[in-house]
>>> print(open('coords06.tsv').read())   # TSV, C-alpha atoms and all ligand atoms
chain	number	residue	atom	x	y	z
A	1	MET	CA	-28.88	-27.87	1.19
A	2	SER	CA	-28.83	-24.37	2.53
A	3	ALA	CA	-25.58	-22.80	3.53
A	4	THR	CA	-25.23	-22.62	7.29
A	5	ARG	CA	-22.36	-21.45	9.44
A	6	THR	CA	-20.78	-24.85	9.50
A	7	ALA	CA	-21.40	-25.56	5.82
A	8	ALA	CA	-18.65	-23.23	4.61
A	9	THR	CA	-16.60	-25.15	2.10
A	10	GLY	CA	-14.03	-22.59	1.19
A	11	THR	CA	-11.06	-20.72	2.53
A	12	VAL	CA	-10.74	-16.97	2.13
A	13	TYR	CA	-7.21	-15.82	1.31
A	14	LEU	CA	-6.44	-12.18	2.08
A	15	VAL	CA	-3.71	-11.67	-0.47
A	16	GLY	CA	-1.29	-8.78	-0.90
A	17	ALA	CA	-1.02	-7.73	-4.55
A	18	GLY	CA	2.08	-5.62	-3.96
A	19	PRO	CA	2.53	-1.94	-4.81
A	20	GLY	CA	1.57	-2.01	-8.48
A	21	ALA	CA	4.02	-3.77	-10.78
A	22	PRO	CA	2.51	-7.20	-11.51
A	23	ASP	CA	5.89	-8.95	-11.13
A	24	LEU	CA	6.19	-7.75	-7.53
A	25	LEU	CA	3.69	-10.40	-6.53
A	26	THR	CA	4.71	-13.35	-4.34
A	27	LEU	CA	4.75	-16.84	-5.87
A	28	ARG	CA	2.16	-17.88	-3.30
A	29	ALA	CA	-0.17	-15.08	-4.39
A	30	ALA	CA	0.25	-16.07	-8.04
A	31	ARG	CA	-0.53	-19.72	-7.24
A	32	LEU	CA	-3.66	-18.81	-5.26
A	33	LEU	CA	-4.88	-16.52	-8.03
A	34	ALA	CA	-4.46	-19.34	-10.55
A	35	GLU	CA	-6.49	-21.65	-8.28
A	36	ALA	CA	-9.11	-19.08	-7.29
A	37	ASP	CA	-12.81	-19.70	-7.91
A	38	VAL	CA	-13.68	-16.11	-7.09
A	39	VAL	CA	-11.62	-12.95	-6.63
A	40	PHE	CA	-12.66	-9.71	-4.93
A	41	HIS	CA	-10.07	-7.07	-5.75
A	42	ASP	CA	-9.25	-3.47	-4.86
A	43	ALA	CA	-9.43	-0.73	-7.48
A	44	LEU	CA	-5.65	-0.17	-7.52
A	45	VAL	CA	-4.65	-3.73	-8.40
A	46	HIS	CA	-2.94	-4.00	-11.82
A	47	PRO	CA	-5.10	-5.65	-14.54
A	48	ASP	CA	-2.27	-8.09	-15.37
A	49	THR	CA	-2.32	-9.29	-11.76
A	50	ILE	CA	-6.08	-9.83	-11.82
A	51	ALA	CA	-5.69	-11.65	-15.14
A	52	LEU	CA	-3.67	-14.37	-13.35
A	53	ALA	CA	-6.99	-15.56	-11.92
A	54	VAL	CA	-7.80	-17.41	-15.14
A	55	ARG	CA	-10.72	-19.45	-13.86
A	56	ALA	CA	-12.20	-17.06	-11.32
A	57	GLU	CA	-15.22	-14.85	-11.31
A	58	LYS	CA	-13.79	-11.40	-10.60
A	59	PHE	CA	-15.37	-8.51	-8.74
A	60	ALA	CA	-13.97	-5.02	-8.18
A	61	VAL	CA	-14.89	-4.00	-4.65
A	62	GLY	CA	-12.10	-1.51	-4.24
A	63	LYS	CA	-12.05	1.81	-2.59
A	64	ARG	CA	-10.30	4.84	-4.00
A	65	CYS	CA	-10.40	8.20	-2.34
A	66	GLY	CA	-13.24	10.27	-3.72
A	67	ARG	CA	-14.44	7.59	-6.11
A	68	HIS	CA	-17.16	5.02	-5.93
A	69	SER	CA	-16.50	2.53	-3.18
A	70	THR	CA	-18.24	-0.56	-1.95
A	71	ALA	CA	-19.28	-0.31	1.67
A	72	GLN	CA	-17.01	-2.36	3.92
A	73	ARG	CA	-19.88	-4.26	5.51
A	74	PHE	CA	-21.08	-5.34	2.09
A	75	ILE	CA	-17.59	-6.61	1.19
A	76	ASN	CA	-17.47	-8.59	4.45
A	77	LYS	CA	-20.79	-10.21	3.63
A	78	ARG	CA	-19.74	-11.09	0.10
A	79	LEU	CA	-16.61	-12.83	1.41
A	80	VAL	CA	-18.63	-14.83	3.88
A	81	ASP	CA	-21.21	-15.77	1.25
A	82	ALA	CA	-18.56	-16.72	-1.32
A	83	ALA	CA	-16.88	-19.11	1.11
A	84	ALA	CA	-20.16	-21.00	1.46
A	85	THR	CA	-20.17	-21.94	-2.21
A	86	HIS	CA	-16.55	-21.68	-3.43
A	87	ARG	CA	-13.40	-23.52	-2.41
A	88	VAL	CA	-10.77	-20.83	-3.05
A	89	VAL	CA	-11.87	-17.26	-2.40
A	90	VAL	CA	-9.22	-14.58	-2.88
A	91	ARG	CA	-9.54	-11.10	-1.43
A	92	LEU	CA	-6.82	-9.23	-3.31
A	93	LYS	CA	-5.63	-6.02	-1.71
A	94	GLY	CA	-3.04	-3.46	-2.80
A	95	GLY	CA	0.36	-3.65	-1.12
A	96	ASP	CA	0.20	-5.70	2.05
A	97	PRO	CA	-3.28	-6.65	3.27
A	98	LEU	CA	-2.49	-5.86	6.91
A	99	LEU	CA	-1.44	-2.23	6.43
A	100	PHE	CA	-4.13	0.42	6.04
A	101	GLY	CA	-6.34	-2.07	4.23
A	102	ARG	CA	-9.24	-2.60	6.66
A	103	ALA	CA	-8.35	-6.27	6.75
A	104	GLN	CA	-9.27	-6.56	10.43
A	105	GLU	CA	-12.92	-5.92	9.66
A	106	GLU	CA	-12.90	-8.68	7.07
A	107	ILE	CA	-11.03	-11.05	9.41
A	108	GLU	CA	-13.54	-10.41	12.19
A	109	ALA	CA	-16.46	-11.11	9.85
A	110	LEU	CA	-14.84	-14.37	8.70
A	111	GLU	CA	-14.11	-15.45	12.26
A	112	ALA	CA	-17.66	-14.65	13.35
A	113	ALA	CA	-18.98	-16.81	10.51
A	114	GLY	CA	-16.55	-19.64	11.31
A	115	ILE	CA	-14.78	-19.42	7.96
A	116	ARG	CA	-11.17	-20.47	7.43
A	117	TYR	CA	-8.88	-17.71	6.26
A	118	GLU	CA	-5.23	-17.13	5.60
A	119	VAL	CA	-3.22	-13.95	5.05
A	120	VAL	CA	-0.62	-13.79	2.27
A	121	PRO	CA	1.69	-10.80	2.74
A	122	GLY	CA	2.61	-8.40	-0.05
A	123	ILE	CA	5.15	-5.67	-0.65
A	124	THR	CA	3.80	-2.52	0.92
A	125	ALA	CA	3.93	0.90	-0.76
A	126	ALA	CA	6.50	2.25	1.73
A	127	LEU	CA	9.04	-0.37	0.66
A	128	ALA	CA	8.41	0.10	-3.06
A	129	SER	CA	8.67	3.87	-2.56
A	130	ALA	CA	11.99	3.58	-0.74
A	131	ALA	CA	13.19	1.42	-3.64
A	132	ALA	CA	12.13	4.17	-6.06
A	133	THR	CA	14.36	6.66	-4.24
A	134	GLY	CA	17.32	4.28	-4.02
A	135	THR	CA	17.56	5.25	-0.37
A	136	SER	CA	17.61	2.96	2.63
A	137	LEU	CA	14.69	3.44	5.01
A	138	SER	CA	16.96	2.64	7.93
A	139	GLN	CA	20.37	4.27	8.12
A	140	ARG	CA	23.18	2.78	10.14
A	141	GLY	CA	23.83	4.96	13.14
A	142	THR	CA	21.13	7.57	12.47
A	143	VAL	CA	17.76	6.10	11.47
A	144	ARG	CA	16.87	3.14	13.66
A	145	SER	CA	13.11	3.55	13.92
A	146	ILE	CA	10.62	4.04	11.11
A	147	ALA	CA	6.97	4.97	11.54
A	148	LEU	CA	4.21	3.95	9.17
A	149	ALA	CA	1.31	6.34	9.55
A	150	THR	CA	-1.77	7.86	8.00
A	151	PRO	CA	-3.47	11.12	8.92
A	152	ARG	CA	-6.67	9.76	7.36
A	153	VAL	CA	-9.53	9.50	9.83
A	154	GLY	CA	-12.56	7.42	8.90
A	155	GLU	CA	-16.14	8.53	9.35
A	156	GLY	CA	-17.17	8.51	12.99
A	157	GLU	CA	-13.62	7.89	14.25
A	158	ARG	CA	-11.91	9.94	16.93
A	159	ALA	CA	-9.45	12.66	15.82
A	160	SER	CA	-6.02	11.20	15.25
A	161	ASP	CA	-2.82	11.94	17.12
A	162	TRP	CA	-0.66	10.35	14.44
A	163	ALA	CA	1.98	13.12	14.40
A	164	ARG	CA	3.15	12.55	17.97
A	165	GLY	CA	3.97	8.89	17.36
A	166	PHE	CA	5.41	9.67	13.94
A	167	ALA	CA	7.66	12.37	15.38
A	168	SER	CA	9.21	10.05	17.93
A	169	ALA	CA	10.57	7.84	15.11
A	170	ASP	CA	13.74	8.76	13.19
A	171	ALA	CA	11.96	8.60	9.79
A	172	GLY	CA	8.67	7.45	8.38
A	173	ALA	CA	6.19	6.88	5.61
A	174	ILE	CA	2.79	8.52	5.36
A	175	TYR	CA	0.03	6.69	3.50
A	176	MET	CA	-3.03	8.47	2.09
A	177	GLY	CA	-1.53	11.85	2.93
A	178	LEU	CA	-0.90	13.60	-0.35
A	179	GLY	CA	-4.01	15.76	-0.35
A	180	GLU	CA	-3.24	16.94	3.17
A	181	GLY	CA	0.30	18.24	2.71
A	182	ALA	CA	-0.28	21.53	4.52
A	183	ALA	CA	-1.94	19.85	7.51
A	184	ILE	CA	0.78	17.19	7.68
A	185	ALA	CA	3.53	19.80	7.58
A	186	ALA	CA	1.78	21.85	10.29
A	187	ALA	CA	1.26	18.80	12.51
A	188	LEU	CA	4.91	17.74	12.24
A	189	ARG	CA	6.15	21.30	12.80
A	190	ALA	CA	3.94	21.44	15.91
A	191	VAL	CA	5.70	18.39	17.38
A	192	GLY	CA	9.12	19.90	16.77
A	193	LYS	CA	10.23	18.76	13.30
A	194	PRO	CA	12.31	21.37	11.42
A	195	PRO	CA	11.01	23.02	8.21
A	196	THR	CA	14.12	21.76	6.42
A	197	LEU	CA	13.32	18.08	7.10
A	198	PRO	CA	13.53	16.26	3.73
A	199	VAL	CA	10.40	14.77	2.15
A	200	ALA	CA	10.21	12.52	-0.90
A	201	ILE	CA	6.82	12.30	-2.58
A	202	VAL	CA	6.70	9.00	-4.45
A	203	GLU	CA	3.92	8.58	-6.98
A	204	ASN	CA	3.10	5.29	-8.72
A	205	ALA	CA	5.94	3.43	-7.02
A	206	SER	CA	7.04	0.35	-9.04
A	207	LEU	CA	4.93	1.33	-12.09
A	208	PRO	CA	6.13	2.79	-15.42
A	209	ALA	CA	4.71	6.20	-14.38
A	210	GLU	CA	6.79	6.19	-11.17
A	211	ARG	CA	7.89	9.66	-10.12
A	212	VAL	CA	9.77	11.06	-7.14
A	213	VAL	CA	9.49	14.70	-6.15
A	214	TYR	CA	11.88	15.91	-3.47
A	215	THR	CA	10.90	18.68	-1.12
A	216	THR	CA	11.00	19.59	2.59
A	217	LEU	CA	8.37	19.96	5.31
A	218	ALA	CA	8.13	23.66	4.44
A	219	GLY	CA	7.78	22.81	0.75
A	220	LEU	CA	5.19	20.11	1.41
A	221	ALA	CA	2.74	22.77	2.60
A	222	GLN	CA	2.95	24.37	-0.87
A	223	VAL	CA	2.60	21.20	-2.95
A	224	ASP	CA	-0.41	21.16	-5.24
A	225	SER	CA	-1.78	17.65	-4.95
A	226	GLU	CA	-3.57	18.12	-8.29
A	227	GLN	CA	-0.18	17.57	-9.93
A	228	PHE	CA	-0.39	13.93	-8.90
A	229	SER	CA	-2.89	11.56	-10.38
A	230	GLY	CA	-1.59	8.17	-9.20
A	231	PRO	CA	-1.34	6.88	-5.64
A	232	ALA	CA	1.41	8.67	-3.75
A	233	LEU	CA	3.28	8.14	-0.52
A	234	LEU	CA	5.36	10.56	1.55
A	235	LEU	CA	8.75	9.43	2.84
A	236	ILE	CA	9.99	11.76	5.52
A	237	GLY	CA	13.41	11.68	7.14
A	238	PRO	CA	16.94	13.09	7.05
A	239	GLN	CA	17.99	10.54	4.42
A	240	PHE	CA	15.45	11.74	1.82
A	241	ALA	CA	17.28	14.87	0.73
A	242	ASP	CA	17.36	15.06	-3.08
A	243	ARG	CA	19.87	12.45	-4.25
A	244	ARG	CA	18.83	12.38	-7.92
A	245	VAL	CA	22.11	13.69	-9.31
A	246	VAL	CA	24.10	11.03	-7.51
A	247	ALA	CA	21.75	8.28	-8.65
A	248	VAL	CA	21.85	9.37	-12.31
A	249	ASP	CA	25.65	9.65	-12.22
A	250	ALA	CA	25.88	6.17	-10.79
A	251	ARG	CA	23.67	4.73	-13.52
A	252	GLU	CA	25.57	6.53	-16.28
A	253	SER	CA	28.91	5.33	-15.05
A	254	GLU	CA	27.57	1.77	-15.02
A	255	LEU	CA	26.36	2.08	-18.60
A	256	THR	CA	29.37	3.92	-20.02
A	257	PRO	CA	32.02	1.38	-20.97
A	258	LYS	CA	35.36	2.14	-19.38
A	259	VAL	CA	38.06	2.91	-21.94
A	260	GLY	CA	41.27	1.81	-20.31
A	261	HIS	CA	42.65	3.13	-17.03
A	262	GLY	CA	45.10	5.77	-18.16
B	301	LIG	N1	-2.25	-1.86	1.86
B	301	LIG	C1	-1.56	-0.88	1.04
B	301	LIG	C2	-1.91	0.54	1.43
B	301	LIG	C3	-3.34	0.92	1.19
B	301	LIG	S1	-3.66	2.60	1.59
B	301	LIG	C4	-0.05	-1.12	1.13
B	301	LIG	O1	0.39	-1.94	1.94
B	301	LIG	O2	0.68	-0.50	0.37
B	301	LIG	C5	-3.46	3.38	0.01
B	301	LIG	C6	-2.26	4.30	0.03
B	301	LIG	O3	-1.07	3.56	-0.20
B	301	LIG	C7	-2.27	5.35	-1.06
B	301	LIG	O4	-3.02	6.50	-0.66
B	301	LIG	C8	-0.79	5.70	-1.14
B	301	LIG	O5	-0.39	6.54	-0.08
B	301	LIG	C9	-0.14	4.34	-0.91
B	301	LIG	N2	0.18	3.65	-2.19
B	301	LIG	C10	-0.37	2.53	-2.67
B	301	LIG	N3	0.22	2.16	-3.84
B	301	LIG	C11	1.19	3.07	-4.07
B	301	LIG	C12	2.16	3.24	-5.10
B	301	LIG	N4	2.27	2.38	-6.12
B	301	LIG	N5	3.00	4.32	-5.02
B	301	LIG	C13	2.93	5.18	-3.99
B	301	LIG	N6	2.03	5.07	-2.98
B	301	LIG	C14	1.18	4.03	-3.02
>>> encode(input="coords06.tsv", output="structure tokens")
Amino acid sequence: MSATRTAATGTVYLVGAGPGAPDLLTLRAARLLAEADVVFHDALVHPDTIALAVRAEKFAVGKRCGRHSTAQRFINKRLVDAAATHRVVVRLKGGDPLLFGRAQEEIEALEAAGIRYEVVPGITAALASAAATGTSLSQRGTVRSIALATPRVGEGERASDWARGFASADAGAIYMGLGEGAAIAAALRAVGKPPTLPVAIVENASLPAERVVYTTLAGLAQVDSEQFSGPALLLIGPQFADRRVVAVDARESELTPKVGHG
């Protein structure tokens, strides 16, 4: 029997793999990976996470800036085709599938082909990065709105006005922005942000190679992105002034046994 639109047997699960650490996966994601017949995963997903799909055929279809990537339309077609012959199809995406992951294009292709799908959320990089800094994204009384943005513009898309929306929030996270530090700083200065505004650059959030570099908008323009090899996110807001000393002190005092109170 040939596969027709109505013959689809499977469900496609768009699953968030979380920011990197394999144990920051949801239980639902882990269960679906264990049940999966086929998995299409992004390049950034941790090998231990992919390994949870014990019975699945696995395909890397991921995109990484500047590296080989599979065309989006081809990924859409593979998802549709896989659902015609497999029961549990997992599309595993870094972080949360619905943030800067081109999930809408995949959802539209699945809907057009009449294929059942479900989205399983994941921990997005902004949240794992905030965790790495030990700093609350919101701040009582001062930071009540947080923007999630990217300056990245895809081929054939209109120029982006991301900075205006970003600037009207109290703080924010910038995805896919590391290589464009100077342009980001200039755009935020142009909409009235001060050069002293704190910036935390978080690389490899949640992974063993996690690193936080504190700077300011003025300093961001000078940052050499070649110093960073892993994925990196920019957290920008008044709360992201360098707090390292405080955090280290706090950890040391937890670890140092108290010797009496006198
Ligand atoms: N859907 C993903 C984002 C994909 S866009 C999510 O929800 O997290 C890819 C960008 O996410 C990278 O350029 C980087 O800015 C950020 N990113 C992903 N993983 C990261 C990590 N472990 N640490 C810091 N930034 C990360």
>>> closest_residue(input="coords06.tsv", among="A:Arg243, A:Arg116, A:Arg55, A:His46", to="ligand LIG 301 (chain B)", atoms="all atoms listed in the file")
A:His46
>>> residues_near_ligand(input="coords06.tsv", ligand="ligand LIG 301 (chain B)", cutoff="6 Å", atoms="all atoms listed in the file", output="PyMOL selection string")
chain A and resi 19-20+94-97+99-101+124-125+175-176+202-206+231-233
>>> residues_near_point(input="coords06.tsv", point="(-0.5, -12.8, 2.8)", cutoff="9 Å", atoms="only C-alpha atoms", output="list in words")
Tyr13, Leu14, Val15, Gly16, Ala17, Thr26, Arg28, Ala29, Asp96, Pro97, Leu98, Glu118, Val119, Val120, Pro121 and Gly122 of chain A
>>> write_last_selection(input="coords06.tsv", atoms="C-alpha atoms", output="tab-separated table (two decimals), in the coordinates of the input")
chain	number	residue	atom	x	y	z
A	13	TYR	CA	-7.21	-15.82	1.31
A	14	LEU	CA	-6.44	-12.18	2.08
A	15	VAL	CA	-3.71	-11.67	-0.47
A	16	GLY	CA	-1.29	-8.78	-0.90
A	17	ALA	CA	-1.02	-7.73	-4.55
A	26	THR	CA	4.71	-13.35	-4.34
A	28	ARG	CA	2.16	-17.88	-3.30
A	29	ALA	CA	-0.17	-15.08	-4.39
A	96	ASP	CA	0.20	-5.70	2.05
A	97	PRO	CA	-3.28	-6.65	3.27
A	98	LEU	CA	-2.49	-5.86	6.91
A	118	GLU	CA	-5.23	-17.13	5.60
A	119	VAL	CA	-3.22	-13.95	5.05
A	120	VAL	CA	-0.62	-13.79	2.27
A	121	PRO	CA	1.69	-10.80	2.74
A	122	GLY	CA	2.61	-8.40	-0.05
>>> closest_residue(input="coords06.tsv", among="A:Gln239, A:Ser225, A:Ser145, A:Thr85", to="Val199 in chain A", atoms="only C-alpha atoms")
A:Gln239
>>> residues_near_point(input="coords06.tsv", point="(12.1, 15.0, 0.4)", cutoff="7 Å", atoms="all atoms listed in the file", output="ChimeraX atom specification")
/A:198-201,214-216,235-236,240-242
>>> residues_around(input="coords06.tsv", residues="Glu105 in chain A", least_positions_apart="5", cutoff="12 Å", atoms="all atoms listed in the file", output="VMD selection string")
chain A and resid 14 71 to 77 79 97 to 98 100 110 to 112
>>> closest_residue(input="coords06.tsv", among="A:Ala21, A:Ile107, A:Ala36, A:Ala128", to="Ala56 in chain A", atoms="all atoms listed in the file")
A:Ala36
>>> closest_residue(input="coords06.tsv", among="A:Asp170, A:Asp42, A:Glu157, A:Asp81", to="Leu137 in chain A", atoms="all atoms listed in the file")
A:Asp170
>>> atom_distance(input="coords06.tsv", atom1="CA of Arg91 in chain A", atom2="CA of Gly172 in chain A")
27.8 Å
>>> atom_distance(input="coords06.tsv", atom1="CA of Leu178 in chain A", atom2="CA of Ser136 in chain A")
21.6 Å
>>> atom_distance(input="coords06.tsv", atom1="CA of Pro208 in chain A", atom2="CA of Pro22 in chain A")
11.3 Å
>>> closest_residue(input="coords06.tsv", among="A:Val38, A:Ala30, A:Ile184, A:Val223", to="Val12 in chain A", atoms="all atoms listed in the file")
A:Val38
>>> closest_residue(input="coords06.tsv", among="A:Gln227, A:Thr9, A:Thr133, A:Gln222", to="His86 in chain A", atoms="all atoms listed in the file")
A:Thr9
>>> residues_around(input="coords06.tsv", residues="Ala51 in chain A", least_positions_apart="6", cutoff="12 Å", atoms="only C-alpha atoms", output="number ranges by chain")
A: 22, 30, 33-34, 36, 39, 41, 45, 57-58
>>> build_atoms(input="coords06.tsv", residues="range 192-216 of chain A", atoms="N, CA, C and O atoms", output="mmCIF file, in the frame of the given file")
data_model
loop_
_atom_site.group_PDB
_atom_site.id
_atom_site.type_symbol
_atom_site.label_atom_id
_atom_site.label_comp_id
_atom_site.auth_asym_id
_atom_site.auth_seq_id
_atom_site.Cartn_x
_atom_site.Cartn_y
_atom_site.Cartn_z
ATOM 1 N N GLY A 192 7.701 19.585 16.677
ATOM 2 C CA GLY A 192 9.120 19.900 16.770
ATOM 3 C C GLY A 192 9.997 19.545 15.587
ATOM 4 O O GLY A 192 11.221 19.666 15.655
ATOM 5 N N LYS A 193 9.397 19.091 14.472
ATOM 6 C CA LYS A 193 10.230 18.760 13.300
ATOM 7 C C LYS A 193 10.627 20.054 12.567
ATOM 8 O O LYS A 193 9.806 20.964 12.423
ATOM 9 N N PRO A 194 11.865 20.134 12.080
ATOM 10 C CA PRO A 194 12.310 21.370 11.420
ATOM 11 C C PRO A 194 11.738 21.527 10.022
ATOM 12 O O PRO A 194 11.465 20.533 9.347
ATOM 13 N N PRO A 195 11.564 22.772 9.557
ATOM 14 C CA PRO A 195 11.010 23.020 8.210
ATOM 15 C C PRO A 195 11.898 22.463 7.108
ATOM 16 O O PRO A 195 11.440 22.240 5.995
ATOM 17 N N THR A 196 13.167 22.248 7.425
ATOM 18 C CA THR A 196 14.120 21.760 6.420
ATOM 19 C C THR A 196 14.114 20.235 6.303
ATOM 20 O O THR A 196 14.845 19.668 5.488
ATOM 21 N N LEU A 197 13.326 19.544 7.124
ATOM 22 C CA LEU A 197 13.320 18.080 7.100
ATOM 23 C C LEU A 197 12.957 17.576 5.690
ATOM 24 O O LEU A 197 11.927 17.957 5.134
ATOM 25 N N PRO A 198 13.809 16.728 5.097
ATOM 26 C CA PRO A 198 13.530 16.260 3.730
ATOM 27 C C PRO A 198 12.284 15.380 3.614
ATOM 28 O O PRO A 198 11.971 14.586 4.506
ATOM 29 N N VAL A 199 11.594 15.556 2.485
ATOM 30 C CA VAL A 199 10.400 14.770 2.150
ATOM 31 C C VAL A 199 10.548 14.295 0.712
ATOM 32 O O VAL A 199 10.906 15.074 -0.170
ATOM 33 N N ALA A 200 10.298 13.012 0.478
ATOM 34 C CA ALA A 200 10.210 12.520 -0.900
ATOM 35 C C ALA A 200 8.761 12.122 -1.148
ATOM 36 O O ALA A 200 8.185 11.336 -0.389
ATOM 37 N N ILE A 201 8.174 12.691 -2.188
ATOM 38 C CA ILE A 201 6.820 12.300 -2.580
ATOM 39 C C ILE A 201 6.984 11.271 -3.693
ATOM 40 O O ILE A 201 7.555 11.582 -4.734
ATOM 41 N N VAL A 202 6.530 10.057 -3.451
ATOM 42 C CA VAL A 202 6.700 9.000 -4.450
ATOM 43 C C VAL A 202 5.328 8.646 -5.017
ATOM 44 O O VAL A 202 4.442 8.201 -4.288
ATOM 45 N N GLU A 203 5.185 8.870 -6.312
ATOM 46 C CA GLU A 203 3.920 8.580 -6.980
ATOM 47 C C GLU A 203 4.095 7.331 -7.842
ATOM 48 O O GLU A 203 5.144 7.144 -8.474
ATOM 49 N N ASN A 204 3.090 6.487 -7.865
ATOM 50 C CA ASN A 204 3.100 5.290 -8.720
ATOM 51 C C ASN A 204 4.340 4.425 -8.534
ATOM 52 O O ASN A 204 4.934 3.949 -9.511
ATOM 53 N N ALA A 205 4.761 4.235 -7.298
ATOM 54 C CA ALA A 205 5.940 3.430 -7.020
ATOM 55 C C ALA A 205 5.830 2.069 -7.713
ATOM 56 O O ALA A 205 4.762 1.442 -7.682
ATOM 57 N N SER A 206 6.900 1.663 -8.372
ATOM 58 C CA SER A 206 7.040 0.350 -9.040
ATOM 59 C C SER A 206 6.356 0.287 -10.413
ATOM 60 O O SER A 206 6.504 -0.704 -11.119
ATOM 61 N N LEU A 207 5.623 1.337 -10.792
ATOM 62 C CA LEU A 207 4.930 1.330 -12.090
ATOM 63 C C LEU A 207 5.695 2.162 -13.115
ATOM 64 O O LEU A 207 6.544 2.975 -12.748
ATOM 65 N N PRO A 208 5.409 2.011 -14.408
ATOM 66 C CA PRO A 208 6.130 2.790 -15.420
ATOM 67 C C PRO A 208 6.021 4.311 -15.173
ATOM 68 O O PRO A 208 6.939 5.053 -15.479
ATOM 69 N N ALA A 209 4.898 4.761 -14.612
ATOM 70 C CA ALA A 209 4.710 6.200 -14.380
ATOM 71 C C ALA A 209 5.308 6.647 -13.040
ATOM 72 O O ALA A 209 4.968 7.719 -12.533
ATOM 73 N N GLU A 210 6.194 5.843 -12.465
ATOM 74 C CA GLU A 210 6.790 6.190 -11.170
ATOM 75 C C GLU A 210 7.488 7.552 -11.222
ATOM 76 O O GLU A 210 8.166 7.870 -12.190
ATOM 77 N N ARG A 211 7.301 8.330 -10.158
ATOM 78 C CA ARG A 211 7.890 9.660 -10.120
ATOM 79 C C ARG A 211 8.230 10.012 -8.679
ATOM 80 O O ARG A 211 7.449 9.710 -7.767
ATOM 81 N N VAL A 212 9.390 10.614 -8.478
ATOM 82 C CA VAL A 212 9.770 11.060 -7.140
ATOM 83 C C VAL A 212 9.978 12.563 -7.169
ATOM 84 O O VAL A 212 10.705 13.073 -8.023
ATOM 85 N N VAL A 213 9.310 13.254 -6.268
ATOM 86 C CA VAL A 213 9.490 14.700 -6.150
ATOM 87 C C VAL A 213 10.078 14.969 -4.768
ATOM 88 O O VAL A 213 9.503 14.557 -3.758
ATOM 89 N N TYR A 214 11.230 15.625 -4.755
ATOM 90 C CA TYR A 214 11.880 15.910 -3.470
ATOM 91 C C TYR A 214 11.506 17.291 -2.993
ATOM 92 O O TYR A 214 11.501 18.252 -3.762
ATOM 93 N N THR A 215 11.211 17.391 -1.705
ATOM 94 C CA THR A 215 10.900 18.680 -1.120
ATOM 95 C C THR A 215 11.296 18.643 0.362
ATOM 96 O O THR A 215 12.116 17.801 0.773
ATOM 97 N N THR A 216 10.752 19.543 1.147
ATOM 98 C CA THR A 216 11.000 19.590 2.590
ATOM 99 C C THR A 216 9.648 19.757 3.275
ATOM 100 O O THR A 216 8.633 19.940 2.601
#
